[in-house]
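This report refers to the structure that appears directly beneath it.
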Amino acid sequence: MQSSKVYIERNFKVSDVDDGLFSSFIEHLGRAIYTGIYEPEHPTADEQGFRRDVIELTKDLNVAMVRYPGGNFLSGYDWTDGIGPKELRPTRLDLAWRTIENNEIGIDEFSDWCKKAGTEVMAAVNMGTGTPKEAGYMVEYCNFSEGTYWSDLRRKNGHKEPHAIKTWCIGNEMDGPWQICRLDAAEYGKKALETAKIMKWVDDSIKLVVCGSSSSLMPTYPEWDRIVLEHTYEKADYISLHRYYENFGNDSDFLASFLDMESFIHSVKATADYVKALKRSKKTMHLSFDEWNIWYQQKHKNRDWERHPEILEDRYSLLDALVFGGLGITLLNNSDRVKIACLAQLVNVIAPIFTQENGPAIRQTIYYPFKSLSMYGRGTVLKPVIQTSTVNTKYGDAPVLHMSVVSDETNNVINIFCLNISSEKNLLSLDMRSFGNLSMVEHNCLSGKDLHMINSFDNPYAVVPLELEISNAKSDVFDVMIPAHSFNVLRFKY
Ligand code: AHR
C-alpha cells in the first residue's frame with residue numbers, strides 16, 4: 001500500500017471553471033448523426049426523427065456546447081446543402097470520410113436537437129473549399145433576426161427565431177495534409193482573419209476559435225500556432241488544440257497521458273503569450289481544446305461508398321476510462337486558460353454514447369468520468385499541495401495520484417477528483433483545515449479487477465462507478481483509501 005498527503009487551502013484559487021469545459025462534438029461522420037442522434041424509424045424517435053433515448057443520455061451529461069458539423073467533414077461541406085425542404089436537398093460525396101451524405105440533417109435540425117438535449121451549438125465554418133463570404137452568410141442565416149435574404153430564408157425554413165449561435169470555429173485542422181484544401185499557416189492565418197472580420201461584422205457578439213495545430217505531434221507545431229496567431233490575434237478569442245491518446249502496449253505510459261496533455265497546454269499558452277507580447281496586446285488568448293479523447297486510430301480503409309458506415313466505433317475499456325479521467329483532471333487544472341474543451345465525439349464515433357440501429361443506446365466506460373467532471377467540476381479550481389510518489393513513464397515522472405480540487409462555493413462543497421495510476425491502493429490524507437470542520441458526503445469510485453472490461457449491449461453495466469463507504473465523522477483532516485487503478489470523486493460539505 002502507498003500513502004499520500006494533500007493540503008487544500010481555500011484561498012489558493014486558480015480560476016473559476018467555464019461551463020464550456022464540458023462540451024462535446026458531433027460530426028457528419030459514420031453513425032454519429034444517422035442512427036446516432038437521428039433515426040426516424042427508431043421506437044424512441046420523436047416527431048423530428050431524433051432518438052429520445054440518446055437525448056436523455058446526452059441531457060444527463062449536462063453538455064455545454066456541441067461542436068458541429070466537423071471535423072474533417074467540414075472542409076468539403078456546403079452548409080446550404082443542409083437547409084430547406086429535405087426532399088430537395090442534394091446527396092453528395094463526402095470526400096473526407098468516403099461516405100455518401102444525403103443532408104437530411106443540417107444546421108436547422110441540429111439546432112433543434114441541441115435545444116432538446118439541453119445544450120448549444122458550437123458551429124464551424126468551412127475554410128477548405130469554403131469562402132469567407134459563405135461563412136458570413138451562415139452567421140447571417142443563423143443569427144440575424146429578419147429582413148435580409150439569409151435571415152428571411154431561415155424564417156421561411158421554419159425557424160422564426162435566430163439560432164443565436166455564440167461560438168464559431170473558423171475551419172478545422174487546416175494544418176493537416178489529410179484536410180480537403182489544406183493551407184499553410186500564413187495562408188490560413190490570412191484567410192481566417194478576413195473570415196473573422198466578416199463574421200464579426202455580421203454579428204459582433206460572437207466568439208471565434210482559430211485553428212491551432214491538429215496535434216502536438218505535427219511537424220509544423222508550434223510554428224503553425226505562432227504564425228496563425230500573428231495574423232489573427234486581435235480578432236480571435238480562442239486558439240484550438242486537438243489531441244487523442246491511445247495505448248501502445250505500456251499501461252503506465254498510457255495512464256500518464258495527462259502529463260503530455262499538460263505540456264501541450266503549457267506550450268500553446270507560451271506561444272500565445274509570445275504573440276501577445278509581440279503585438280503589445282492587452283488581450284490574453286484563451287484555449288479551446290475542442291477535440292480530446294482516447295482514439296485507437298486505425299487507418300481509414302478504402303471502402304465502397306456507403307451511407308453512415310460503422311467507422312471509428314471504438315469500444316472503451318475501464319483502462320481507457322481511467323486515462324480519460326486523468327485528461328479531464330488536467331483540463332480542470334488549466335481552467336484559467338482552457339475555457340472550452342470538447343469531448344470528441346458524443347455518439348457512436350469515438351464516443352461515450354453507443355447505439356444499435358433499431359436497438360438500445362448504452363453508456364461506454366468513458367461516459368462515467370465525463371459525467372462526474374461535468375456534474376462536480378463546476379466552481380473554482382484550487383491549487384492543492386500534493387505529496388505523493390511518482391512513476392517513471394515516457395512522458396516523464398508521473399505522480400501516482402493525479403488530482404484536481406474544485407470548490408463549489410454556492411453549495412459549500414469541495415469536490416476532489418483523484419486518479420490513481422498505480423496497481424497499489426493509496427491511503428490519502430486530506431488536510432483541509434482552512435475550511436473548518438467538514439463532513440464527507442460521497443466517495444464515488446470507478447475501478448475494477450479487469451482493466452480491459454468494456455460495456456456491451458449484452459452487458460451494459462459491466463463497468464460502472466460505485467459508491468464507497470464513508471465515515472460520518474466531522475473533521476478537517478480525513479484519511480481516505482484510494483483503490484488501485486481508480487478514478488475517484490471525493491465530496492465534502494463545509
Ligand atoms: O474526431 C475525428 C476526427 O479527428 C475529426 O474529424 C478531425 O478533426 C480529427 O482529425
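Residue numbering restarts at 1 for every chain of the C-alpha cells, chains are lettered A, B, ... in their displayed order, and ligands are numbered from 1 as they appear.
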For segment 333-342 of chain A: contacts at 7 Å, only C-alpha atoms, fewer than 3 positions along chain excluded, given as a ChimeraX atom specification: /A:14-15,17-18,20-25,286-292,329-330,381,404
Residues near Gln356 of chain A, cut-off 9 Å, only C-alpha atoms, skip fewer than 5 positions along chain, as number ranges by chain: A: 35-36, 361-362, 457
Selected residues, N, CA and C atoms, written as an mmCIF file, in the first residue's frame, please.
data_model
loop_
_atom_site.group_PDB
_atom_site.id
_atom_site.type_symbol
_atom_site.label_atom_id
_atom_site.label_comp_id
_atom_site.auth_asym_id
_atom_site.auth_seq_id
_atom_site.Cartn_x
_atom_site.Cartn_y
_atom_site.Cartn_z
ATOM 1 N N THR A 35 -28.522 7.188 -37.354
ATOM 2 C CA THR A 35 -28.640 6.052 -36.413
ATOM 3 C C THR A 35 -27.944 6.343 -35.069
ATOM 4 N N GLY A 36 -27.391 7.562 -34.951
ATOM 5 C CA GLY A 36 -26.847 8.012 -33.663
ATOM 6 C C GLY A 36 -27.895 8.899 -33.001
ATOM 7 N N ALA A 361 -29.447 2.147 -26.626
ATOM 8 C CA ALA A 361 -28.273 3.026 -26.542
ATOM 9 C C ALA A 361 -27.633 2.770 -25.183
ATOM 10 N N ILE A 362 -26.326 2.615 -25.164
ATOM 11 C CA ILE A 362 -25.658 2.327 -23.879
ATOM 12 C C ILE A 362 -24.584 3.373 -23.574
ATOM 13 N N PHE A 457 -23.656 -4.334 -25.415
ATOM 14 C CA PHE A 457 -25.121 -4.437 -25.420
ATOM 15 C C PHE A 457 -25.570 -5.633 -24.569
#
Kindly compile the residues surrounding ligand 1 within 7 Å, counting only C-alpha atoms and all ligand atoms, and format them as a PDB file with C-alpha atoms, in the first residue's frame.
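What ended up in out28.pdb:
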ATOM      1  CA  GLU A  27     -19.585  15.376 -36.890  1.00  0.00           C
ATOM      2  CA  GLY A  70     -16.996  18.702 -38.222  1.00  0.00           C
ATOM      3  CA  GLY A  71     -14.210  17.754 -38.133  1.00  0.00           C
ATOM      4  CA  ASN A  72     -12.617  16.780 -41.411  1.00  0.00           C
ATOM      5  CA  PHE A  73     -16.098  16.663 -42.962  1.00  0.00           C
ATOM      6  CA  ASN A 172     -10.860  22.538 -38.772  1.00  0.00           C
ATOM      7  CA  GLU A 173      -7.286  21.196 -38.592  1.00  0.00           C
ATOM      8  CA  SER A 214      -4.180  19.471 -35.110  1.00  0.00           C
ATOM      9  CA  GLU A 291     -11.057  17.653 -29.666  1.00  0.00           C
ATOM     10  CA  ALA A 344     -14.665  14.175 -29.320  1.00  0.00           C
ATOM     11  CA  GLN A 345     -17.122  12.866 -30.064  1.00  0.00           C
TER      12      GLN A 345
END
Residues within 12 Å of Ile366 of chain A, only C-alpha atoms, excluding chain neighbours under 4 positions, as a ChimeraX atom specification: /A:61,293-295,314-328,343-347,350-354,362,370-373,446,454-455,463-465,487
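Atom pair atom CA of Met261 of chain A / atom CA of Leu382 of chain A has a distance of 19.3 Å (rounded to one decimal).
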Sel. of alpha helix (DSSP H) residues, segment 224-330 of chain A, as a PyMOL selection string: chain A and resi 224-232+251-255+257-278+318-330
Strand (DSSP E) call set, DSSP backbone run, segment 279-492 of chain A, as a PyMOL selection string: chain A and resi 286-294+306-307+338-344+353-355+361-363+380-382+385-387+390-393+396-399+401-408+413-420+426-431+439-446+466-467+477-482+486-492
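Note that the spacing between atom CA of Glu104 of chain A and atom CA of Ile170 of chain A amounts to 23.7 Å.
A straight line drawn from atom CA of Asn348 of chain A to atom CA of Pro460 of chain A is 14.8 Å long.
If you measure from each of A:Ile265, A:Cys114, A:Leu419, A:Val405 to Phe12 of chain A using only C-alpha atoms, the closest one turns out to be A:Val405.
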So which residues touch Glu101 of chain A within 6 Å, counting only C-alpha atoms, skipping near sequence neighbours fewer than 2 positions away, as a PDB file with N, CA, C and O atoms, in the first residue's frame?
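The file below, out.pdb, is the result:
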ATOM      1  N   THR A  91     -27.797  14.891 -52.509  1.00  0.00           N
ATOM      2  CA  THR A  91     -26.962  13.819 -51.945  1.00  0.00           C
ATOM      3  C   THR A  91     -25.559  14.018 -52.511  1.00  0.00           C
ATOM      4  O   THR A  91     -25.388  14.187 -53.714  1.00  0.00           O
ATOM      5  N   ARG A  92     -24.579  14.052 -51.615  1.00  0.00           N
ATOM      6  CA  ARG A  92     -23.205  14.378 -52.043  1.00  0.00           C
ATOM      7  C   ARG A  92     -22.217  13.302 -51.609  1.00  0.00           C
ATOM      8  O   ARG A  92     -22.467  12.558 -50.658  1.00  0.00           O
ATOM      9  N   ASN A 103     -27.712  14.723 -46.495  1.00  0.00           N
ATOM     10  CA  ASN A 103     -28.063  16.043 -45.942  1.00  0.00           C
ATOM     11  C   ASN A 103     -29.454  16.120 -45.294  1.00  0.00           C
ATOM     12  O   ASN A 103     -30.049  17.191 -45.249  1.00  0.00           O
TER      13      ASN A 103
END
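Of the residues under consideration (A:Phe248, A:Tyr141, A:Tyr494, A:Phe258), A:Phe258 shows the shortest atom-to-atom contact distance to Val400 of chain A when counting only C-alpha atoms.
Of the residues under consideration (A:Arg67, A:Thr195, A:Cys211, A:Lys493), A:Lys493 shows the shortest atom-to-atom contact distance to Ser407 of chain A when counting only C-alpha atoms.
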